[in-house]
$ cat coords_25.json   # JSON, C-alpha atoms
[["chain", "number", "residue", "atom", "x", "y", "z"],
["A", 81, "MET", "CA", -42.02, -4.75, -20.21],
["A", 82, "ALA", "CA", -44.80, -4.57, -22.80],
["A", 83, "ASP", "CA", -45.64, -1.04, -21.63],
["A", 84, "VAL", "CA", -41.99, -0.01, -21.99],
["A", 85, "ALA", "CA", -41.84, -1.50, -25.48],
["A", 86, "GLU", "CA", -44.99, 0.38, -26.51],
["A", 87, "ARG", "CA", -43.76, 3.69, -25.06],
["A", 88, "ALA", "CA", -40.34, 3.33, -26.76],
["A", 89, "GLY", "CA", -41.76, 2.04, -30.04],
["A", 90, "VAL", "CA", -39.71, -1.17, -30.01],
["A", 91, "SER", "CA", -40.27, -4.88, -29.56],
["A", 92, "GLY", "CA", -40.37, -6.64, -26.23],
["A", 93, "GLN", "CA", -37.22, -8.51, -27.30],
["A", 94, "THR", "CA", -35.38, -5.21, -27.67],
["A", 95, "VAL", "CA", -36.45, -4.17, -24.18],
["A", 96, "SER", "CA", -35.20, -7.52, -22.89],
["A", 97, "ARG", "CA", -31.83, -6.95, -24.55],
["A", 98, "VAL", "CA", -31.53, -3.52, -22.95],
["A", 99, "VAL", "CA", -32.45, -4.91, -19.53],
["A", 100, "ASN", "CA", -29.84, -7.65, -19.91],
["A", 101, "ALA", "CA", -27.13, -5.20, -21.06],
["A", 102, "SER", "CA", -26.76, -6.88, -24.44],
["A", 103, "PRO", "CA", -24.31, -5.13, -26.79],
["A", 104, "ARG", "CA", -26.65, -5.91, -29.71],
["A", 105, "VAL", "CA", -28.70, -2.73, -29.28],
["A", 106, "ASP", "CA", -28.25, 0.54, -31.17],
["A", 107, "PRO", "CA", -27.20, 3.34, -28.75],
["A", 108, "ASP", "CA", -30.12, 5.59, -29.77],
["A", 109, "THR", "CA", -32.57, 2.73, -29.30],
["A", 110, "ARG", "CA", -31.05, 1.88, -25.92],
["A", 111, "ALA", "CA", -31.41, 5.51, -24.80],
["A", 112, "ARG", "CA", -35.06, 5.56, -25.91],
["A", 113, "VAL", "CA", -35.82, 2.33, -24.03],
["A", 114, "GLU", "CA", -34.03, 3.53, -20.89],
["A", 115, "ALA", "CA", -35.97, 6.81, -21.03],
["A", 116, "ALA", "CA", -39.25, 4.86, -21.27],
["A", 117, "MET", "CA", -38.21, 2.69, -18.33],
["A", 118, "THR", "CA", -37.54, 5.81, -16.27],
["A", 119, "GLU", "CA", -40.82, 7.45, -17.23],
["A", 120, "LEU", "CA", -42.83, 4.34, -16.36],
["A", 121, "GLY", "CA", -40.85, 3.46, -13.23],
["A", 122, "TYR", "CA", -39.98, 0.04, -14.66],
["A", 123, "ARG", "CA", -37.54, -2.09, -12.65],
["A", 124, "PRO", "CA", -36.50, -5.65, -13.62],
["A", 125, "HIS", "CA", -37.51, -8.17, -10.97],
["A", 126, "ARG", "CA", -34.35, -10.15, -10.27],
["A", 127, "ALA", "CA", -36.09, -13.06, -8.54],
["A", 128, "ALA", "CA", -38.64, -13.47, -11.33],
["A", 129, "ARG", "CA", -35.90, -13.36, -13.92],
["A", 130, "ALA", "CA", -33.97, -16.04, -12.03],
["A", 131, "LEU", "CA", -37.02, -18.33, -12.11],
["A", 132, "ARG", "CA", -37.34, -17.83, -15.86],
["A", 133, "THR", "CA", -33.68, -18.07, -16.88],
["A", 134, "GLY", "CA", -32.18, -20.21, -14.13],
["A", 135, "ARG", "CA", -29.66, -17.43, -13.47],
["A", 136, "THR", "CA", -29.60, -14.82, -10.71],
["A", 137, "GLN", "CA", -27.33, -12.35, -12.54],
["A", 138, "THR", "CA", -25.15, -12.30, -9.45],
["A", 139, "ILE", "CA", -21.46, -13.19, -9.44],
["A", 140, "GLY", "CA", -19.14, -13.89, -6.54],
["A", 141, "LEU", "CA", -15.70, -12.49, -5.75],
["A", 142, "VAL", "CA", -13.28, -14.51, -3.61],
["A", 143, "VAL", "CA", -10.31, -12.68, -2.14],
["A", 144, "SER", "CA", -7.91, -13.33, 0.73],
["A", 145, "THR", "CA", -8.03, -9.76, 2.06],
["A", 146, "LEU", "CA", -9.20, -6.32, 1.04],
["A", 147, "ALA", "CA", -6.50, -4.62, 3.11],
["A", 148, "SER", "CA", -4.04, -4.41, 0.21],
["A", 149, "VAL", "CA", -4.42, -1.60, -2.30],
["A", 150, "GLY", "CA", -4.24, -3.96, -5.27],
["A", 151, "ASN", "CA", -7.11, -6.11, -4.02],
["A", 152, "SER", "CA", -9.22, -3.08, -3.18],
["A", 153, "ARG", "CA", -8.65, -1.62, -6.64],
["A", 154, "MET", "CA", -9.58, -4.93, -8.22],
["A", 155, "LEU", "CA", -12.77, -5.09, -6.15],
["A", 156, "GLN", "CA", -13.76, -1.66, -7.44],
["A", 157, "ALA", "CA", -12.92, -2.61, -11.03],
["A", 158, "VAL", "CA", -14.90, -5.86, -10.85],
["A", 159, "ALA", "CA", -17.87, -4.16, -9.16],
["A", 160, "ASP", "CA", -17.96, -1.44, -11.84],
["A", 161, "ALA", "CA", -17.70, -3.93, -14.71],
["A", 162, "ALA", "CA", -20.36, -6.20, -13.21],
["A", 163, "ALA", "CA", -22.77, -3.29, -12.72],
["A", 164, "THR", "CA", -22.27, -2.21, -16.32],
["A", 165, "ARG", "CA", -23.30, -5.69, -17.43],
["A", 166, "GLY", "CA", -26.33, -5.73, -15.12],
["A", 167, "TYR", "CA", -24.86, -8.14, -12.57],
["A", 168, "ALA", "CA", -24.78, -7.84, -8.78],
["A", 169, "LEU", "CA", -21.69, -8.81, -6.77],
["A", 170, "THR", "CA", -21.24, -10.91, -3.63],
["A", 171, "VAL", "CA", -17.83, -10.75, -1.92],
["A", 172, "VAL", "CA", -16.24, -13.45, 0.25],
["A", 173, "THR", "CA", -12.95, -12.80, 2.07],
["A", 174, "LEU", "CA", -10.94, -15.85, 3.10],
["A", 175, "GLY", "CA", -8.58, -14.39, 5.67],
["A", 176, "ALA", "CA", -5.29, -16.07, 6.53],
["A", 177, "ASP", "CA", -6.61, -19.62, 6.87],
["A", 178, "GLY", "CA", -9.90, -19.58, 4.99],
["A", 179, "ASP", "CA", -11.22, -22.66, 3.18],
["A", 180, "VAL", "CA", -11.72, -21.82, -0.49],
["A", 181, "ALA", "CA", -13.94, -24.88, -1.08],
["A", 182, "ALA", "CA", -16.22, -23.71, 1.74],
["A", 183, "ALA", "CA", -16.28, -20.23, 0.19],
["A", 184, "PHE", "CA", -17.42, -21.73, -3.13],
["A", 185, "GLU", "CA", -20.13, -23.74, -1.36],
["A", 186, "ARG", "CA", -21.33, -20.60, 0.40],
["A", 187, "LEU", "CA", -21.52, -18.72, -2.88],
["A", 188, "ALA", "CA", -23.34, -21.61, -4.55],
["A", 189, "GLU", "CA", -25.90, -21.62, -1.72],
["A", 190, "GLN", "CA", -26.48, -17.91, -2.39],
["A", 191, "GLY", "CA", -27.25, -18.74, -6.01],
["A", 192, "VAL", "CA", -24.41, -16.91, -7.75],
["A", 193, "ASP", "CA", -23.93, -17.77, -11.42],
["A", 194, "GLY", "CA", -20.13, -17.87, -11.20],
["A", 195, "ALA", "CA", -17.17, -16.43, -9.33],
["A", 196, "ILE", "CA", -13.93, -14.51, -9.80],
["A", 197, "VAL", "CA", -10.93, -15.36, -7.61],
["A", 198, "LEU", "CA", -8.24, -12.75, -6.96],
["A", 199, "ASN", "CA", -4.52, -12.75, -6.40],
["A", 200, "GLU", "CA", -3.30, -14.57, -3.25],
["A", 201, "ALA", "CA", -6.51, -16.62, -3.08],
["A", 202, "THR", "CA", -5.65, -18.23, -6.41],
["A", 203, "ALA", "CA", -3.01, -20.45, -4.80],
["A", 204, "ARG", "CA", -5.73, -22.10, -2.71],
["A", 205, "VAL", "CA", -7.92, -22.58, -5.77],
["A", 206, "ARG", "CA", -5.16, -24.42, -7.61],
["A", 207, "GLY", "CA", -4.87, -26.87, -4.74],
["A", 208, "ALA", "CA", -8.61, -27.30, -4.15],
["A", 209, "GLU", "CA", -11.39, -29.33, -5.73],
["A", 210, "VAL", "CA", -12.94, -26.44, -7.62],
["A", 211, "GLY", "CA", -15.74, -28.29, -9.39],
["A", 212, "ALA", "CA", -17.63, -29.52, -6.36],
["A", 213, "ALA", "CA", -19.81, -26.42, -6.01],
["A", 214, "GLY", "CA", -20.60, -26.37, -9.73],
["A", 215, "LEU", "CA", -19.50, -22.77, -10.18],
["A", 216, "ARG", "CA", -17.99, -21.39, -13.34],
["A", 217, "LEU", "CA", -14.75, -19.64, -12.36],
["A", 218, "VAL", "CA", -12.41, -16.97, -13.65],
["A", 219, "VAL", "CA", -9.12, -16.70, -11.78],
["A", 220, "VAL", "CA", -7.12, -13.47, -11.86],
["A", 221, "ASP", "CA", -3.35, -14.07, -11.82],
["A", 222, "SER", "CA", -2.69, -17.79, -11.99],
["A", 223, "PRO", "CA", -0.89, -20.31, -14.20],
["A", 224, "ARG", "CA", -3.05, -21.72, -16.99],
["A", 225, "ASP", "CA", -5.48, -24.38, -15.82],
["A", 226, "ALA", "CA", -8.06, -26.25, -17.91],
["A", 227, "ARG", "CA", -10.55, -26.09, -15.04],
["A", 228, "PHE", "CA", -11.13, -22.34, -15.25],
["A", 229, "SER", "CA", -10.46, -19.22, -17.28],
["A", 230, "VAL", "CA", -7.42, -17.12, -16.35],
["A", 231, "VAL", "CA", -6.90, -13.39, -16.79],
["A", 232, "GLU", "CA", -3.53, -12.05, -15.74],
["A", 233, "THR", "CA", -1.45, -8.89, -15.80],
["A", 234, "ASP", "CA", 1.87, -9.14, -17.64],
["A", 235, "HIS", "CA", 3.77, -9.02, -14.35],
["A", 236, "ALA", "CA", 7.00, -10.45, -15.73],
["A", 237, "GLY", "CA", 7.02, -8.07, -18.69],
["A", 238, "GLY", "CA", 6.41, -5.12, -16.40],
["A", 239, "ALA", "CA", 9.25, -6.18, -14.12],
["A", 240, "ARG", "CA", 11.61, -6.52, -17.08],
["A", 241, "SER", "CA", 10.78, -2.98, -18.21],
["A", 242, "ALA", "CA", 11.58, -1.67, -14.71],
["A", 243, "VAL", "CA", 14.93, -3.47, -14.56],
["A", 244, "ASP", "CA", 15.88, -2.49, -18.11],
["A", 245, "HIS", "CA", 15.15, 1.14, -17.24],
["A", 246, "LEU", "CA", 17.44, 1.04, -14.20],
["A", 247, "LEU", "CA", 20.24, -0.75, -16.05],
["A", 248, "ALA", "CA", 20.01, 1.81, -18.86],
["A", 249, "LEU", "CA", 20.65, 4.50, -16.25],
["A", 250, "GLY", "CA", 24.02, 2.91, -15.52],
["A", 251, "HIS", "CA", 23.25, 0.84, -12.41],
["A", 252, "THR", "CA", 25.38, -2.30, -12.45],
["A", 253, "THR", "CA", 22.59, -4.40, -10.96],
["A", 254, "VAL", "CA", 19.11, -4.01, -9.45],
["A", 255, "HIS", "CA", 18.07, -5.28, -6.04],
["A", 256, "HIS", "CA", 14.55, -6.66, -5.68],
["A", 257, "LEU", "CA", 12.12, -6.06, -2.86],
["A", 258, "ALA", "CA", 9.82, -9.03, -3.53],
["A", 259, "GLY", "CA", 6.25, -9.76, -2.46],
["A", 260, "PRO", "CA", 4.95, -12.78, -0.51],
["A", 261, "GLU", "CA", 6.02, -16.22, -1.68],
["A", 262, "VAL", "CA", 2.39, -17.40, -1.89],
["A", 263, "SER", "CA", 1.53, -14.72, -4.46],
["A", 264, "PHE", "CA", 1.57, -15.65, -8.16],
["A", 265, "ALA", "CA", 1.90, -11.96, -9.07],
["A", 266, "ALA", "CA", 4.92, -11.58, -6.78],
["A", 267, "ALA", "CA", 6.54, -14.71, -8.25],
["A", 268, "GLU", "CA", 6.02, -13.45, -11.81],
["A", 269, "ARG", "CA", 7.49, -10.04, -10.98],
["A", 270, "GLU", "CA", 10.47, -11.74, -9.38],
["A", 271, "ARG", "CA", 10.87, -13.93, -12.48],
["A", 272, "GLY", "CA", 10.83, -10.89, -14.76],
["A", 273, "TRP", "CA", 13.42, -9.15, -12.58],
["A", 274, "ARG", "CA", 15.70, -12.20, -12.62],
["A", 275, "ASP", "CA", 15.31, -12.76, -16.38],
["A", 276, "ALA", "CA", 16.16, -9.13, -17.17],
["A", 277, "LEU", "CA", 19.33, -9.19, -15.07],
["A", 278, "THR", "CA", 20.41, -12.53, -16.55],
["A", 279, "ALA", "CA", 19.79, -11.33, -20.11],
["A", 280, "ALA", "CA", 21.92, -8.24, -19.43],
["A", 281, "GLY", "CA", 24.74, -10.27, -17.87],
["A", 282, "ALA", "CA", 24.26, -8.44, -14.56],
["A", 283, "ALA", "CA", 24.70, -9.96, -11.12],
["A", 284, "VAL", "CA", 21.49, -11.37, -9.56],
["A", 285, "PRO", "CA", 21.59, -10.40, -5.85],
["A", 286, "PRO", "CA", 19.52, -12.12, -3.14],
["A", 287, "VAL", "CA", 15.97, -10.80, -2.81],
["A", 288, "ALA", "CA", 14.53, -9.15, 0.27],
["A", 289, "ARG", "CA", 10.90, -10.08, 0.84],
["A", 290, "GLY", "CA", 7.95, -8.08, 2.19],
["A", 291, "ASP", "CA", 4.20, -8.58, 2.59],
["A", 292, "TRP", "CA", 2.97, -5.74, 0.32],
["A", 293, "THR", "CA", 2.85, -3.19, 3.19],
["A", 294, "SER", "CA", 5.00, -0.06, 3.41],
["A", 295, "ALA", "CA", 6.26, -1.19, 6.84],
["A", 296, "SER", "CA", 7.61, -4.41, 5.37],
["A", 297, "GLY", "CA", 9.11, -2.41, 2.51],
["A", 298, "PHE", "CA", 10.95, -0.22, 4.99],
["A", 299, "ALA", "CA", 12.40, -3.22, 6.84],
["A", 300, "ALA", "CA", 13.36, -5.14, 3.70],
["A", 301, "ALA", "CA", 14.83, -2.11, 1.92],
["A", 302, "SER", "CA", 17.01, -1.40, 4.95],
["A", 303, "THR", "CA", 18.75, -4.75, 4.41],
["A", 304, "LEU", "CA", 19.20, -4.00, 0.70],
["A", 305, "LEU", "CA", 20.84, -0.65, 1.52],
["A", 306, "GLU", "CA", 23.23, -2.42, 3.88],
["A", 307, "ALA", "CA", 24.16, -4.65, 0.91],
["A", 308, "GLY", "CA", 25.09, -1.55, -1.11],
["A", 309, "ALA", "CA", 22.03, -1.26, -3.34],
["A", 310, "THR", "CA", 21.95, 1.73, -5.69],
["A", 311, "ALA", "CA", 18.78, 0.62, -7.52],
["A", 312, "VAL", "CA", 15.73, -1.06, -5.98],
["A", 313, "PHE", "CA", 12.77, -2.55, -7.81],
["A", 314, "ALA", "CA", 9.88, -3.03, -5.36],
["A", 315, "ALA", "CA", 7.09, -5.48, -6.19],
["A", 316, "ASN", "CA", 4.39, -2.90, -5.37],
["A", 317, "ASP", "CA", 4.08, 0.80, -4.70],
["A", 318, "GLN", "CA", 3.40, 0.43, -0.96],
["A", 319, "MET", "CA", 6.70, -1.38, -0.43],
["A", 320, "ALA", "CA", 8.37, 1.21, -2.66],
["A", 321, "LEU", "CA", 7.02, 3.88, -0.30],
["A", 322, "GLY", "CA", 8.67, 2.03, 2.59],
["A", 323, "ALA", "CA", 11.88, 1.89, 0.57],
["A", 324, "LEU", "CA", 11.82, 5.68, 0.08],
["A", 325, "ARG", "CA", 11.55, 6.10, 3.84],
["A", 326, "ALA", "CA", 14.37, 3.62, 4.43],
["A", 327, "VAL", "CA", 16.70, 5.54, 2.10],
["A", 328, "ALA", "CA", 15.92, 8.78, 3.92],
["A", 329, "ALA", "CA", 16.42, 7.12, 7.32],
["A", 330, "ALA", "CA", 19.85, 5.94, 6.17],
["A", 331, "GLY", "CA", 20.82, 9.54, 5.38],
["A", 332, "ARG", "CA", 20.79, 8.98, 1.65],
["A", 333, "ALA", "CA", 18.76, 10.53, -1.17],
["A", 334, "VAL", "CA", 16.39, 9.31, -3.86],
["A", 335, "PRO", "CA", 17.31, 9.37, -6.68],
["A", 336, "GLY", "CA", 20.75, 10.91, -6.06],
["A", 337, "ASP", "CA", 22.09, 7.89, -4.15],
["A", 338, "VAL", "CA", 19.44, 5.23, -4.75],
["A", 339, "SER", "CA", 16.88, 4.87, -7.55],
["A", 340, "VAL", "CA", 13.54, 3.24, -6.65],
["A", 341, "VAL", "CA", 10.88, 1.74, -8.93],
["A", 342, "GLY", "CA", 7.51, 0.37, -7.82],
["A", 343, "PHE", "CA", 4.70, -1.62, -9.41],
["A", 344, "ASP", "CA", 0.95, -0.84, -9.77],
["A", 345, "ASP", "CA", 0.92, 2.96, -10.23],
["A", 346, "VAL", "CA", -1.57, 3.56, -7.44],
["A", 347, "ALA", "CA", -3.47, 6.84, -7.36],
["A", 348, "ASP", "CA", -0.97, 8.46, -4.96],
["A", 349, "ALA", "CA", 2.23, 7.33, -6.71],
["A", 350, "ALA", "CA", 2.72, 10.70, -8.39],
["A", 351, "ASP", "CA", 2.44, 12.38, -4.98],
["A", 352, "TYR", "CA", 5.19, 10.35, -3.29],
["A", 353, "ARG", "CA", 8.31, 12.34, -2.52],
["A", 354, "PRO", "CA", 9.90, 12.11, -4.97],
["A", 355, "PRO", "CA", 7.15, 11.12, -7.42],
["A", 356, "LEU", "CA", 7.50, 7.39, -7.99],
["A", 357, "THR", "CA", 8.66, 5.72, -11.18],
["A", 358, "THR", "CA", 6.49, 2.62, -11.39],
["A", 359, "VAL", "CA", 4.94, -0.03, -13.62],
["A", 360, "ARG", "CA", 1.30, 0.78, -14.35],
["A", 361, "GLN", "CA", -1.07, -2.13, -13.89],
["A", 362, "ASP", "CA", -4.43, -1.53, -15.61],
["A", 363, "PHE", "CA", -6.83, -2.61, -12.86],
["A", 364, "ASP", "CA", -9.89, -1.40, -14.74],
["A", 365, "ALA", "CA", -9.04, -3.45, -17.84],
["A", 366, "LEU", "CA", -8.16, -6.47, -15.71],
["A", 367, "GLY", "CA", -11.46, -6.32, -13.85],
["A", 368, "ALA", "CA", -13.45, -5.73, -17.04],
["A", 369, "ARG", "CA", -11.82, -8.68, -18.82],
["A", 370, "ALA", "CA", -12.37, -10.97, -15.82],
["A", 371, "VAL", "CA", -16.06, -10.05, -15.66],
["A", 372, "ALA", "CA", -16.45, -10.37, -19.43],
["A", 373, "ALA", "CA", -14.82, -13.82, -19.46],
["A", 374, "LEU", "CA", -17.08, -14.99, -16.63],
["A", 375, "ILE", "CA", -20.30, -13.68, -18.17],
["A", 376, "GLU", "CA", -19.38, -15.07, -21.60],
["A", 377, "GLY", "CA", -19.02, -18.44, -19.94],
["A", 378, "ILE", "CA", -22.25, -18.11, -17.97],
["A", 379, "GLU", "CA", -24.43, -16.84, -20.80],
["A", 380, "GLY", "CA", -22.79, -18.37, -23.85],
["A", 381, "GLY", "CA", -20.96, -21.42, -22.54],
["A", 382, "ALA", "CA", -17.62, -20.08, -23.77],
["A", 383, "PRO", "CA", -14.75, -22.49, -23.02],
["A", 384, "ALA", "CA", -12.06, -21.70, -20.48],
["A", 385, "GLY", "CA", -9.50, -19.29, -21.91],
["A", 386, "PHE", "CA", -6.40, -17.30, -21.05],
["A", 387, "GLU", "CA", -5.77, -13.58, -21.48],
["A", 388, "THR", "CA", -2.91, -11.26, -20.56],
["A", 389, "VAL", "CA", -3.36, -7.53, -19.88],
["A", 390, "PRO", "CA", -0.24, -5.46, -20.73],
["A", 391, "THR", "CA", 1.61, -3.09, -18.38],
["A", 392, "ARG", "CA", 3.44, 0.19, -18.98],
["A", 393, "LEU", "CA", 6.44, 1.78, -17.28],
["A", 394, "VAL", "CA", 5.71, 5.30, -15.99],
["A", 395, "VAL", "CA", 8.94, 7.23, -15.46],
["A", 396, "ARG", "CA", 8.88, 9.93, -12.78],
["A", 397, "GLU", "CA", 11.49, 11.44, -10.45],
["A", 398, "SER", "CA", 12.53, 8.51, -8.22],
["A", 399, "THR", "CA", 15.06, 7.21, -10.77],
["A", 400, "ALA", "CA", 18.20, 8.85, -12.14],
["A", 401, "ARG", "CA", 21.55, 7.99, -13.65],
["A", 402, "ALA", "CA", 23.89, 6.07, -11.35],
["A", 403, "ARG", "CA", 26.78, 7.97, -9.87]]
$ encode --input "coords_25.json" --output "structure tokens"
Amino acid sequence: MADVAERAGVSGQTVSRVVNASPRVDPDTRARVEAAMTELGYRPHRAARALRTGRTQTIGLVVSTLASVGNSRMLQAVADAAATRGYALTVVTLGADGDVAAAFERLAEQGVDGAIVLNEATARVRGAEVGAAGLRLVVVDSPRDARFSVVETDHAGGARSAVDHLLALGHTTVHHLAGPEVSFAAAERERGWRDALTAAGAAVPPVARGDWTSASGFAAASTLLEAGATAVFAANDQMALGALRAVAAAGRAVPGDVSVVGFDDVADAADYRPPLTTVRQDFDALGARAVAALIEGIEGGAPAGFETVPTRLVVRESTARAR
């Protein structure tokens, strides 16, 4: 580190700040230090740093499954944000019946400095003894809890914008293809859907429920079509894709006979046929804020907080005025 400081013409403290991804470094200075590190082949020694600071600069990620698109996108967003801050990432998947307390113990044994918990796994955290492993936690999509920081997407607000859009097109009501009951995100999207219909004085029909997959969306949407649905708000884009197939299988057209709106705005949403109107969830911002909240707690002792990341309705060709 002393050699790098001499080559770059800075202090050893400045080199340390660059190595630790501190924002308190001028961009030109940072570039000069990084160039000196490259020229000299300098690499921080993570184990030595852990002995000195008591931190490994590794964080954990706890997730029920990586099979869903939302969870996979969040993994990528968290991994990118952690790498930018100079942190490594260890991932634990719980599966259908995993023990979240055991997952925390496993992460603690691996020396992580803290952990982020995603989506469906948050329900298990709320019912578990989260302090036993001594980990600082950030939970993505959960009710507020004094035991950990929470970062959430504005699911309810996004759902309201979807329903308001469909009602403005002249649909008398909007049917909902909901996500799993154990999911906080699904519950919030369902709440936003219900609130928007109630505020507009529209009928609130029974929901059909899926499991985030397009196959479940197809099956659930088929029941909604039998009930006479002309507008369907699906809790994610995969189920919306299943709904598009269900409308076609019933010999009807989107959006001529049925308008469909999804949630997430996955990378392929614009390539659905027709291109999908959907609520954009900012996975990159969500992951970055979760990582930032965790590291601020680890490095600065910041208290548990709560933050909401906004959504935005993206109107494409799967919605049209009601006949």
$ closest_residue --input "coords_25.json" --among "A:Asp234, A:Leu356, A:Ala203, A:Gly140" --to "Glu189 of chain A" --atoms "all atoms listed in the file"
A:Gly140
$ residues_around --input "coords_25.json" --residues "Gly259 of chain A" --least-positions-apart "6" --cutoff "6 Å" --atoms "only C-alpha atoms" --output "list of chain:residue names"
A:Ala266, A:Arg289, A:Gly290, A:Asp291, A:Trp292, A:Ala315
$ closest_residue --input "coords_25.json" --among "A:Leu174, A:Ala365, A:Val98, A:Ala329" --to "Leu146 of chain A" --atoms "only C-alpha atoms"
A:Leu174
$ closest_residue --input "coords_25.json" --among "A:Tyr167, A:Phe386, A:Phe298, A:Phe363" --to "Arg153 of chain A" --atoms "all atoms listed in the file"
A:Phe363
$ closest_residue --input "coords_25.json" --among "A:Ala402, A:Ile378, A:Ala168, A:Val220" --to "Arg206 of chain A" --atoms "only C-alpha atoms"
A:Val220
$ decode --input "coords_25.json" --residues "segment 165-179 of chain A" --atoms "N, CA, C and O atoms" --output "tab-separated table (two decimals), in the first residue's frame"
chain	number	residue	atom	x	y	z
A	165	ARG	N	-19.12	-1.71	-4.18
A	165	ARG	CA	-18.69	-1.26	-2.86
A	165	ARG	C	-17.53	-2.07	-2.30
A	165	ARG	O	-17.11	-1.88	-1.16
A	166	GLY	N	-17.00	-3.01	-3.10
A	166	GLY	CA	-15.86	-3.81	-2.66
A	166	GLY	C	-16.21	-4.97	-1.76
A	166	GLY	O	-15.36	-5.48	-1.02
A	167	TYR	N	-17.46	-5.44	-1.83
A	167	TYR	CA	-17.90	-6.55	-0.99
A	167	TYR	C	-18.14	-7.79	-1.84
A	167	TYR	O	-18.63	-7.70	-2.97
A	168	ALA	N	-17.81	-8.95	-1.29
A	168	ALA	CA	-18.13	-10.22	-1.91
A	168	ALA	C	-19.53	-10.66	-1.44
A	168	ALA	O	-20.07	-10.11	-0.48
A	169	LEU	N	-20.09	-11.66	-2.13
A	169	LEU	CA	-21.47	-12.09	-1.84
A	169	LEU	C	-21.53	-13.60	-1.69
A	169	LEU	O	-20.97	-14.34	-2.49
A	170	THR	N	-22.22	-14.04	-0.63
A	170	THR	CA	-22.49	-15.46	-0.39
A	170	THR	C	-23.99	-15.67	-0.42
A	170	THR	O	-24.73	-14.95	0.26
A	171	VAL	N	-24.47	-16.62	-1.23
A	171	VAL	CA	-25.90	-16.82	-1.43
A	171	VAL	C	-26.36	-18.11	-0.76
A	171	VAL	O	-25.71	-19.16	-0.90
A	172	VAL	N	-27.47	-18.04	-0.04
A	172	VAL	CA	-28.10	-19.22	0.56
A	172	VAL	C	-29.53	-19.29	0.06
A	172	VAL	O	-30.29	-18.33	0.21
A	173	THR	N	-29.92	-20.42	-0.53
A	173	THR	CA	-31.30	-20.63	-0.95
A	173	THR	C	-31.98	-21.55	0.06
A	173	THR	O	-31.41	-22.56	0.46
A	174	LEU	N	-33.20	-21.19	0.44
A	174	LEU	CA	-33.90	-21.93	1.49
A	174	LEU	C	-34.70	-23.10	0.96
A	174	LEU	O	-34.92	-24.08	1.67
A	175	GLY	N	-35.20	-23.00	-0.27
A	175	GLY	CA	-36.09	-24.04	-0.77
A	175	GLY	C	-37.46	-23.91	-0.12
A	175	GLY	O	-37.77	-22.95	0.58
A	176	ALA	N	-38.30	-24.91	-0.32
A	176	ALA	CA	-39.68	-24.85	0.14
A	176	ALA	C	-39.81	-24.88	1.66
A	176	ALA	O	-40.67	-24.23	2.24
A	177	ASP	N	-38.94	-25.63	2.33
A	177	ASP	CA	-39.08	-25.83	3.77
A	177	ASP	C	-37.82	-25.46	4.54
A	177	ASP	O	-37.59	-25.97	5.64
A	178	GLY	N	-37.00	-24.58	3.99
A	178	GLY	CA	-35.74	-24.25	4.62
A	178	GLY	C	-35.90	-23.50	5.94
A	178	GLY	O	-36.88	-22.79	6.14
A	179	ASP	N	-34.94	-23.67	6.82
A	179	ASP	CA	-34.92	-23.04	8.13
A	179	ASP	C	-34.10	-21.76	8.04
A	179	ASP	O	-32.88	-21.81	7.86
